[in-house]
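Colleague: This is query-v4.tsv, which holds TSV, C-alpha atoms and all ligand atoms:
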chain	number	residue	atom	x	y	z
A	201	MET	CA	-27.47	-16.25	-6.69
A	202	LYS	CA	-26.18	-18.86	-4.25
A	203	ASN	CA	-22.60	-17.80	-4.10
A	204	LEU	CA	-20.66	-16.63	-1.11
A	205	LEU	CA	-18.08	-13.95	-0.53
A	206	ILE	CA	-15.34	-15.44	1.64
A	207	VAL	CA	-12.60	-13.40	3.28
A	208	LEU	CA	-9.38	-15.18	4.28
A	209	SER	CA	-7.05	-13.16	6.48
A	210	GLY	CA	-4.04	-13.90	8.63
A	211	PRO	CA	-0.37	-13.02	8.93
A	212	SER	CA	1.96	-13.16	5.96
A	213	GLY	CA	3.36	-16.65	5.49
A	214	VAL	CA	0.54	-18.43	7.33
A	215	GLY	CA	-0.53	-20.21	4.15
A	216	LYS	CA	-3.43	-18.16	2.76
A	217	GLY	CA	-2.18	-18.37	-0.82
A	218	THR	CA	-1.63	-22.11	-0.52
A	219	ILE	CA	-5.14	-22.66	0.83
A	220	VAL	CA	-6.69	-20.49	-1.89
A	221	LYS	CA	-4.89	-22.50	-4.55
A	222	ARG	CA	-6.30	-25.75	-3.13
A	223	LEU	CA	-9.85	-24.39	-3.06
A	224	ILE	CA	-9.62	-23.12	-6.63
A	225	GLU	CA	-8.35	-26.48	-7.83
A	226	LYS	CA	-11.48	-28.04	-6.37
A	227	GLY	CA	-13.66	-25.79	-8.55
A	228	GLY	CA	-16.50	-23.36	-7.83
A	229	TYR	CA	-14.21	-20.64	-6.50
A	230	ALA	CA	-12.58	-17.58	-7.97
A	231	LEU	CA	-9.96	-15.43	-6.32
A	232	SER	CA	-10.44	-11.72	-6.37
A	233	ILE	CA	-7.29	-10.14	-7.72
A	234	SER	CA	-6.39	-7.08	-5.69
A	235	CYS	CA	-4.67	-3.94	-6.82
A	236	THR	CA	-1.45	-3.01	-5.08
A	237	THR	CA	1.23	-0.37	-5.30
A	238	ARG	CA	3.97	-2.74	-4.05
A	239	GLU	CA	6.65	-4.11	-6.37
A	240	PRO	CA	6.03	-7.55	-7.89
A	241	ARG	CA	8.05	-10.36	-6.27
A	242	ARG	CA	10.08	-12.66	-8.44
A	243	GLY	CA	7.72	-14.91	-10.38
A	244	GLU	CA	4.65	-12.72	-9.84
A	245	LYS	CA	2.74	-11.62	-12.90
A	246	ASP	CA	0.57	-8.55	-13.39
A	247	GLY	CA	-3.10	-9.60	-13.46
A	248	ARG	CA	-2.38	-12.97	-11.84
A	249	GLU	CA	-1.27	-12.38	-8.20
A	250	TYR	CA	-2.16	-8.68	-8.25
A	251	PHE	CA	-2.80	-5.81	-10.58
A	252	PHE	CA	0.40	-3.86	-9.96
A	253	ILE	CA	-0.52	-0.20	-10.35
A	254	THR	CA	1.00	3.16	-9.53
A	255	LYS	CA	0.10	5.11	-6.42
A	256	GLU	CA	-1.43	7.79	-8.63
A	257	LYS	CA	-3.77	5.31	-10.30
A	258	PHE	CA	-4.63	3.77	-6.93
A	259	LEU	CA	-5.61	7.16	-5.49
A	260	ASN	CA	-7.72	7.86	-8.56
A	261	MET	CA	-9.56	4.58	-8.09
A	262	ILE	CA	-10.24	5.43	-4.44
A	263	GLY	CA	-11.69	8.74	-5.57
A	264	GLY	CA	-13.91	7.02	-8.11
A	265	GLY	CA	-15.32	4.57	-5.54
A	266	GLY	CA	-13.67	1.68	-7.35
A	267	PHE	CA	-12.72	-0.32	-4.25
A	268	LEU	CA	-14.87	-2.57	-2.09
A	269	GLU	CA	-12.22	-1.92	0.57
A	270	TYR	CA	-8.61	-0.87	0.71
A	271	SER	CA	-5.84	-0.45	3.25
A	272	ASN	CA	-2.32	0.77	3.49
A	273	HIS	CA	0.47	-1.14	5.15
A	274	PHE	CA	4.14	-1.98	4.66
A	275	GLU	CA	4.16	1.47	2.97
A	276	ASN	CA	1.96	0.24	0.14
A	277	TYR	CA	-1.69	0.34	-0.77
A	278	TYR	CA	-3.78	-2.79	-1.28
A	279	GLY	CA	-7.41	-2.78	-2.46
A	280	THR	CA	-10.21	-5.02	-3.74
A	281	PRO	CA	-11.66	-3.87	-7.07
A	282	LYS	CA	-15.43	-3.68	-6.62
A	283	GLU	CA	-16.59	-4.38	-10.15
A	284	PHE	CA	-14.31	-7.42	-10.49
A	285	VAL	CA	-15.80	-9.05	-7.36
A	286	GLU	CA	-19.42	-8.27	-8.23
A	287	GLU	CA	-18.97	-9.73	-11.69
A	288	LYS	CA	-17.33	-12.95	-10.37
A	289	LEU	CA	-20.01	-13.45	-7.70
A	290	LYS	CA	-22.58	-13.96	-10.45
A	291	THR	CA	-20.96	-17.28	-11.36
A	292	CYS	CA	-19.05	-18.63	-8.33
A	293	ASN	CA	-17.91	-18.15	-4.76
A	294	VAL	CA	-15.36	-15.39	-4.46
A	295	LEU	CA	-12.32	-15.57	-2.18
A	296	LEU	CA	-10.71	-12.40	-0.88
A	297	GLU	CA	-7.18	-12.82	0.48
A	298	ILE	CA	-6.93	-9.55	2.35
A	299	ASP	CA	-5.86	-8.14	5.70
A	300	VAL	CA	-8.07	-7.80	8.78
A	301	ASP	CA	-8.82	-4.14	8.35
A	302	GLY	CA	-10.03	-4.86	4.83
A	303	GLY	CA	-12.05	-7.87	5.95
A	304	LEU	CA	-13.91	-5.83	8.54
A	305	GLN	CA	-14.66	-3.15	5.94
A	306	VAL	CA	-16.08	-5.85	3.63
A	307	LYS	CA	-18.40	-7.12	6.38
A	308	LYS	CA	-19.96	-3.66	6.55
A	309	SER	CA	-20.97	-3.65	2.89
A	310	TYR	CA	-21.59	-7.43	2.64
A	311	PRO	CA	-22.94	-8.60	6.01
A	312	GLN	CA	-23.37	-12.11	4.58
A	313	ALA	CA	-19.67	-12.44	3.81
A	314	LEU	CA	-17.89	-15.22	5.70
A	315	LEU	CA	-14.79	-13.96	7.52
A	316	ILE	CA	-12.17	-16.61	8.30
A	317	MET	CA	-8.91	-15.93	10.13
A	318	ILE	CA	-6.05	-18.29	9.30
A	319	ALA	CA	-3.64	-18.70	12.23
A	320	PRO	CA	-0.28	-20.47	12.44
A	321	PRO	CA	0.26	-23.34	14.92
A	322	ASN	CA	2.87	-21.08	16.60
A	323	LYS	CA	5.13	-18.08	15.91
A	324	GLU	CA	8.27	-20.14	15.21
A	325	GLU	CA	6.48	-22.11	12.50
A	326	LEU	CA	5.24	-18.88	10.91
A	327	LYS	CA	8.78	-17.52	10.82
A	328	ARG	CA	10.02	-20.77	9.31
A	329	ARG	CA	7.41	-20.57	6.54
A	330	LEU	CA	8.20	-16.94	5.79
A	331	LEU	CA	11.92	-17.71	5.59
A	332	GLY	CA	11.21	-20.85	3.57
A	333	ARG	CA	9.30	-18.85	0.99
A	334	GLY	CA	12.46	-16.81	0.50
A	335	SER	CA	10.68	-13.84	-1.02
A	336	GLU	CA	11.49	-11.10	1.51
A	337	SER	CA	14.55	-9.51	3.07
A	338	ALA	CA	15.24	-10.08	6.79
A	339	GLU	CA	14.05	-6.55	7.56
A	340	LYS	CA	10.76	-7.06	5.74
A	341	ILE	CA	10.24	-10.38	7.50
A	342	GLU	CA	10.59	-8.66	10.89
A	343	LYS	CA	7.97	-6.07	9.86
A	344	ARG	CA	5.61	-8.82	8.73
A	345	LEU	CA	6.12	-10.77	11.96
A	346	SER	CA	5.37	-7.74	14.10
A	347	ARG	CA	2.18	-7.23	12.12
A	348	MET	CA	1.21	-10.81	13.06
A	349	GLU	CA	0.34	-9.88	16.63
A	350	TYR	CA	-2.07	-7.25	15.40
A	351	GLU	CA	-3.71	-9.50	12.83
A	352	LEU	CA	-4.26	-12.33	15.29
A	353	ALA	CA	-5.50	-9.99	18.00
A	354	GLN	CA	-8.43	-9.14	15.71
A	355	SER	CA	-9.51	-12.79	15.40
A	356	GLY	CA	-12.44	-12.27	17.75
A	357	LYS	CA	-14.07	-9.93	15.24
A	358	TYR	CA	-13.98	-12.64	12.58
A	359	ASP	CA	-16.59	-15.38	12.19
A	360	TYR	CA	-14.08	-18.22	12.63
A	361	THR	CA	-10.39	-18.95	13.16
A	362	VAL	CA	-8.79	-21.93	11.43
A	363	ILE	CA	-5.30	-23.08	12.43
A	364	ASN	CA	-3.24	-24.02	9.40
A	365	ASP	CA	-1.16	-26.80	10.93
A	366	ASP	CA	-1.97	-29.73	8.65
A	367	LEU	CA	-2.86	-28.18	5.28
A	368	ASN	CA	-5.40	-30.82	4.22
A	369	ALA	CA	-7.21	-30.58	7.54
A	370	ALA	CA	-7.35	-26.78	7.32
A	371	VAL	CA	-8.82	-26.91	3.79
A	372	VAL	CA	-11.49	-29.43	4.85
A	373	GLN	CA	-12.39	-27.27	7.85
A	374	ILE	CA	-12.78	-24.22	5.63
A	375	GLU	CA	-14.94	-26.11	3.13
A	376	ASN	CA	-17.21	-27.20	5.97
A	377	LEU	CA	-17.56	-23.64	7.25
A	378	ILE	CA	-18.52	-22.49	3.75
A	379	LYS	CA	-21.05	-25.28	3.36
A	380	ARG	CA	-22.65	-24.47	6.72
A	381	LYS	CA	-22.81	-20.75	5.98
A	382	LYS	CA	-24.49	-21.41	2.64
A	383	GLU	CA	-27.05	-23.63	4.34
A	384	GLN	CA	-27.77	-20.85	6.84
A	385	ILE	CA	-28.25	-18.23	4.15
A	386	TYR	CA	-29.92	-20.13	1.35
A	387	ASP	CA	-31.85	-23.11	2.78
B	401	LIG	P1	0.56	-16.41	2.71
B	401	LIG	O1	-0.19	-16.43	1.39
B	401	LIG	O2	-0.36	-16.46	3.89
B	401	LIG	O3	1.55	-15.30	2.84
B	401	LIG	P2	1.84	-18.82	1.62
B	401	LIG	O4	0.64	-19.57	1.10
B	401	LIG	O5	2.73	-18.13	0.64
B	401	LIG	O6	1.38	-17.79	2.78
B	401	LIG	O7	2.66	-19.86	2.49
B	401	LIG	C1	3.95	-19.54	3.03
B	401	LIG	C2	4.83	-20.78	3.02
B	401	LIG	O8	4.32	-21.77	3.93
B	401	LIG	C3	4.88	-21.45	1.65
B	401	LIG	O9	6.21	-21.87	1.41
B	401	LIG	C4	3.93	-22.65	1.80
B	401	LIG	O10	4.30	-23.72	0.96
B	401	LIG	C5	4.09	-23.01	3.27
B	401	LIG	N1	2.88	-23.62	3.88
B	401	LIG	C6	1.58	-23.27	3.70
B	401	LIG	N2	0.75	-24.04	4.45
B	401	LIG	C7	1.55	-24.89	5.13
B	401	LIG	C8	1.29	-25.96	6.08
B	401	LIG	N3	0.05	-26.27	6.50
B	401	LIG	N4	2.36	-26.62	6.59
B	401	LIG	C9	3.62	-26.30	6.20
B	401	LIG	N5	3.94	-25.33	5.29
B	401	LIG	C10	2.93	-24.63	4.78
B	402	LIG	P1	1.66	-9.39	0.35
B	402	LIG	O1	2.49	-8.16	0.12
B	402	LIG	O2	2.34	-10.43	1.18
B	402	LIG	O3	1.13	-9.97	-0.96
B	402	LIG	O4	0.37	-8.94	1.14
B	402	LIG	C1	0.52	-8.20	2.31
B	402	LIG	C2	-0.81	-8.09	3.04
B	402	LIG	O5	-1.76	-7.37	2.23
B	402	LIG	C3	-1.45	-9.44	3.35
B	402	LIG	O6	-1.90	-9.40	4.70
B	402	LIG	C4	-2.61	-9.49	2.39
B	402	LIG	O7	-3.65	-10.28	2.92
B	402	LIG	C5	-3.00	-8.03	2.29
B	402	LIG	N1	-3.77	-7.72	1.09
B	402	LIG	C6	-3.61	-8.20	-0.16
B	402	LIG	N2	-4.54	-7.71	-0.98
B	402	LIG	C7	-5.33	-6.90	-0.24
B	402	LIG	C8	-6.49	-6.11	-0.51
B	402	LIG	O8	-7.01	-6.05	-1.62
B	402	LIG	N3	-6.99	-5.40	0.53
B	402	LIG	C9	-6.47	-5.44	1.78
B	402	LIG	N4	-7.07	-4.73	2.72
B	402	LIG	N5	-5.39	-6.18	2.08
B	402	LIG	C10	-4.83	-6.91	1.10
Now, as a test, write the supplied structure out as structure tokens.
Modeller:
Amino acid sequence: MKNLLIVLSGPSGVGKGTIVKRLIEKGGYALSISCTTREPRRGEKDGREYFFITKEKFLNMIGGGGFLEYSNHFENYYGTPKEFVEEKLKTCNVLLEIDVDGGLQVKKSYPQALLIMIAPPNKEELKRRLLGRGSESAEKIEKRLSRMEYELAQSGKYDYTVINDDLNAAVVQIENLIKRKKEQIYD
């Protein structure tokens, strides 16, 4: 198996989803769909962005060892379903779009995973993107921005940090990191 598990983390609104979409369009990548207890946003579909499940079901899955990692923030649980990822890895690279705490948990069980932190060019631009997306209330945006400091402070524990200023440049940089990591592991 020559596929890689790639973790993309970074503050809300930095562009993780946008980058993932680009990589998937290129082929050879699958996105792990996480489970969450948060409410779907407008336009989100169960089984596409997330598996939207109840807290009770989430806790049952934790008990059954069903998550590769999970964490709790913004008063909701988020977790990566283990079986789903292991199945996908048999055929392609798997992208995990998860928070830093989750990424560091993944590294413990998959030391060969590539951990990439996506950072904004600056805080004002991040705020602009979050507002531009128009999916959260002002109060929720403030919570997400305050979480940013924490997320970015953990960058040093990740393998690489990529600044998502120009989108195309960020995607190329990420592809190069993946290529290099594969050469290290498999050549
Ligand atoms: P995340 O998944 O990290 O929360 P999104 O992918 O939803 O972030 O991106 C948030 C917003 O920023 C979206 O409106 C997206 O179109 C925009 N965006 C993403 N990358 C860039 C970029 N490099 N330059 C400008 N806007 C961007
Ligand atoms: P959002 O509510 O904006 O979709 O996601 C909020 C945060 O949860 C983001 O930082 C996102 O990366 C993180 N997240 C999404 N899925 C998972 C997951 O399966 N595990 C962990 N640990 N974090 C996740």
Colleague: How close does chain A get to ligand LIG 401 (chain B)? List, as JSON lines, each residue of chain A within 9 Å, its nearest atom pair and the distance in Å to one decimal, counting all atoms listed in the file.
Modeller:
{"residue": "A:Ser209", "atom": "CA", "partner": "B:LIG401", "partner_atom": "O2", "distance": 7.9}
{"residue": "A:Gly210", "atom": "CA", "partner": "B:LIG401", "partner_atom": "O2", "distance": 6.5}
{"residue": "A:Pro211", "atom": "CA", "partner": "B:LIG401", "partner_atom": "O2", "distance": 6.1}
{"residue": "A:Ser212", "atom": "CA", "partner": "B:LIG401", "partner_atom": "O3", "distance": 3.8}
{"residue": "A:Gly213", "atom": "CA", "partner": "B:LIG401", "partner_atom": "O3", "distance": 3.5}
{"residue": "A:Val214", "atom": "CA", "partner": "B:LIG401", "partner_atom": "O2", "distance": 4.1}
{"residue": "A:Gly215", "atom": "CA", "partner": "B:LIG401", "partner_atom": "O4", "distance": 3.3}
{"residue": "A:Lys216", "atom": "CA", "partner": "B:LIG401", "partner_atom": "O2", "distance": 3.7}
{"residue": "A:Gly217", "atom": "CA", "partner": "B:LIG401", "partner_atom": "O1", "distance": 3.6}
{"residue": "A:Thr218", "atom": "CA", "partner": "B:LIG401", "partner_atom": "O4", "distance": 3.8}
{"residue": "A:Ile219", "atom": "CA", "partner": "B:LIG401", "partner_atom": "O4", "distance": 6.6}
{"residue": "A:Val220", "atom": "CA", "partner": "B:LIG401", "partner_atom": "O4", "distance": 8.0}
{"residue": "A:Lys221", "atom": "CA", "partner": "B:LIG401", "partner_atom": "O4", "distance": 8.4}
{"residue": "A:Glu297", "atom": "CA", "partner": "B:LIG401", "partner_atom": "O1", "distance": 7.9}
{"residue": "A:Ile318", "atom": "CA", "partner": "B:LIG401", "partner_atom": "O2", "distance": 8.1}
{"residue": "A:Pro320", "atom": "CA", "partner": "B:LIG401", "partner_atom": "N3", "distance": 8.3}
{"residue": "A:Pro321", "atom": "CA", "partner": "B:LIG401", "partner_atom": "N3", "distance": 8.9}
{"residue": "A:Glu325", "atom": "CA", "partner": "B:LIG401", "partner_atom": "C9", "distance": 8.1}
{"residue": "A:Leu326", "atom": "CA", "partner": "B:LIG401", "partner_atom": "O8", "distance": 7.6}
{"residue": "A:Arg328", "atom": "CA", "partner": "B:LIG401", "partner_atom": "O8", "distance": 7.9}
{"residue": "A:Arg329", "atom": "CA", "partner": "B:LIG401", "partner_atom": "O8", "distance": 4.2}
{"residue": "A:Leu330", "atom": "CA", "partner": "B:LIG401", "partner_atom": "C1", "distance": 5.7}
{"residue": "A:Leu331", "atom": "CA", "partner": "B:LIG401", "partner_atom": "C2", "distance": 8.1}
{"residue": "A:Gly332", "atom": "CA", "partner": "B:LIG401", "partner_atom": "O9", "distance": 5.5}
{"residue": "A:Arg333", "atom": "CA", "partner": "B:LIG401", "partner_atom": "O9", "distance": 4.3}
{"residue": "A:Gly334", "atom": "CA", "partner": "B:LIG401", "partner_atom": "O9", "distance": 8.1}
{"residue": "A:Ile363", "atom": "CA", "partner": "B:LIG401", "partner_atom": "N3", "distance": 8.6}
{"residue": "A:Asn364", "atom": "CA", "partner": "B:LIG401", "partner_atom": "N3", "distance": 4.9}
{"residue": "A:Asp365", "atom": "CA", "partner": "B:LIG401", "partner_atom": "N3", "distance": 4.6}
{"residue": "A:Asp366", "atom": "CA", "partner": "B:LIG401", "partner_atom": "N3", "distance": 4.5}
{"residue": "A:Leu367", "atom": "CA", "partner": "B:LIG401", "partner_atom": "N3", "distance": 3.7}
{"residue": "A:Asn368", "atom": "CA", "partner": "B:LIG401", "partner_atom": "N3", "distance": 7.5}
{"residue": "A:Ala369", "atom": "CA", "partner": "B:LIG401", "partner_atom": "N3", "distance": 8.5}
{"residue": "A:Ala370", "atom": "CA", "partner": "B:LIG401", "partner_atom": "N3", "distance": 7.5}
Colleague: Within 10 Å of ligand LIG 402 (chain B), which residues of chain A show up? Give each one with its shortest atom-to-atom distance in Å (one decimal) and the two atoms involved, counting all atoms listed in the file, rows by chain then rising residue number, as a tab-separated table.
Modeller:
residue	atom	partner	partner_atom	distance
A:Val207	CA	B:LIG402	O7	9.5
A:Leu208	CA	B:LIG402	O7	7.7
A:Ser209	CA	B:LIG402	O7	5.7
A:Gly210	CA	B:LIG402	O6	6.3
A:Pro211	CA	B:LIG402	O6	5.8
A:Ser212	CA	B:LIG402	O2	5.5
A:Gly213	CA	B:LIG402	O2	7.6
A:Val214	CA	B:LIG402	O6	9.7
A:Lys216	CA	B:LIG402	O7	7.9
A:Gly217	CA	B:LIG402	O3	9.0
A:Ser232	CA	B:LIG402	O8	8.2
A:Ile233	CA	B:LIG402	O8	7.3
A:Ser234	CA	B:LIG402	O8	4.2
A:Cys235	CA	B:LIG402	O8	6.1
A:Thr236	CA	B:LIG402	N2	7.0
A:Thr237	CA	B:LIG402	O1	9.6
A:Arg238	CA	B:LIG402	O1	7.0
A:Glu239	CA	B:LIG402	O1	8.7
A:Pro240	CA	B:LIG402	O1	8.8
A:Arg241	CA	B:LIG402	O3	8.7
A:Glu244	CA	B:LIG402	O3	9.9
A:Glu249	CA	B:LIG402	O3	8.0
A:Tyr250	CA	B:LIG402	N2	7.7
A:Phe251	CA	B:LIG402	O8	9.9
A:Phe267	CA	B:LIG402	O8	8.5
A:Leu268	CA	B:LIG402	O8	8.6
A:Glu269	CA	B:LIG402	N4	6.2
A:Tyr270	CA	B:LIG402	N4	4.6
A:Ser271	CA	B:LIG402	N4	4.5
A:Asn272	CA	B:LIG402	N4	7.3
A:His273	CA	B:LIG402	O5	7.2
A:Phe274	CA	B:LIG402	C1	7.6
A:Asn276	CA	B:LIG402	O1	8.4
A:Tyr277	CA	B:LIG402	N3	7.9
A:Tyr278	CA	B:LIG402	C8	4.4
A:Gly279	CA	B:LIG402	O8	3.4
A:Thr280	CA	B:LIG402	O8	4.0
A:Pro281	CA	B:LIG402	O8	7.5
A:Leu296	CA	B:LIG402	O8	7.4
A:Glu297	CA	B:LIG402	O7	5.0
A:Ile298	CA	B:LIG402	O7	3.4
A:Asp299	CA	B:LIG402	N5	4.1
A:Val300	CA	B:LIG402	N4	6.9
A:Asp301	CA	B:LIG402	N4	5.9
A:Gly302	CA	B:LIG402	N4	3.6
A:Gly303	CA	B:LIG402	N4	6.7
A:Leu304	CA	B:LIG402	N4	9.0
A:Gln305	CA	B:LIG402	N4	8.4
A:Val306	CA	B:LIG402	N4	9.1
A:Leu330	CA	B:LIG402	O2	9.9
A:Ser335	CA	B:LIG402	O2	9.3
A:Glu336	CA	B:LIG402	O2	9.2
A:Arg344	CA	B:LIG402	C1	8.2
A:Arg347	CA	B:LIG402	O6	8.7
A:Met348	CA	B:LIG402	O6	9.0
A:Glu351	CA	B:LIG402	O6	8.3
Colleague: What does the distance from CA of Lys288 (chain A) to CA of Asp246 (chain A) come to in Å, to one decimal?
Modeller: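 The value is 18.7 Å.
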Colleague: Can you tell me how far CA of Ala230 (chain A) sits from CA of Val294 (chain A), in Å to one decimal?
Modeller: 5.0 Å
Colleague: Can you build me a table of region 204-311 of chain A residues sitting at most 10 Å from region 375-383 of chain A, with the closest atom pair per residue and its distance in Å to one decimal, using only C-alpha atoms, sorted by chain and residue number, as a tab-separated table?
Modeller:
residue	atom	partner	partner_atom	distance
A:Leu204	CA	A:Lys382	CA	7.2
A:Leu205	CA	A:Ile378	CA	9.6
A:Ile206	CA	A:Ile378	CA	8.0
A:Leu223	CA	A:Glu375	CA	8.2
A:Asn293	CA	A:Ile378	CA	9.6
Colleague: Restricted to C-alpha atoms, what would the selected residues look like written as a PDB file, in the frame of the given file?
Modeller:
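Once written, out_14.pdb looks like this:
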ATOM      1  CA  LEU A 204     -20.660 -16.630  -1.110  1.00  0.00           C
ATOM      2  CA  LEU A 205     -18.080 -13.950  -0.530  1.00  0.00           C
ATOM      3  CA  ILE A 206     -15.340 -15.440   1.640  1.00  0.00           C
ATOM      4  CA  LEU A 223      -9.850 -24.390  -3.060  1.00  0.00           C
ATOM      5  CA  ASN A 293     -17.910 -18.150  -4.760  1.00  0.00           C
TER       6      ASN A 293
END
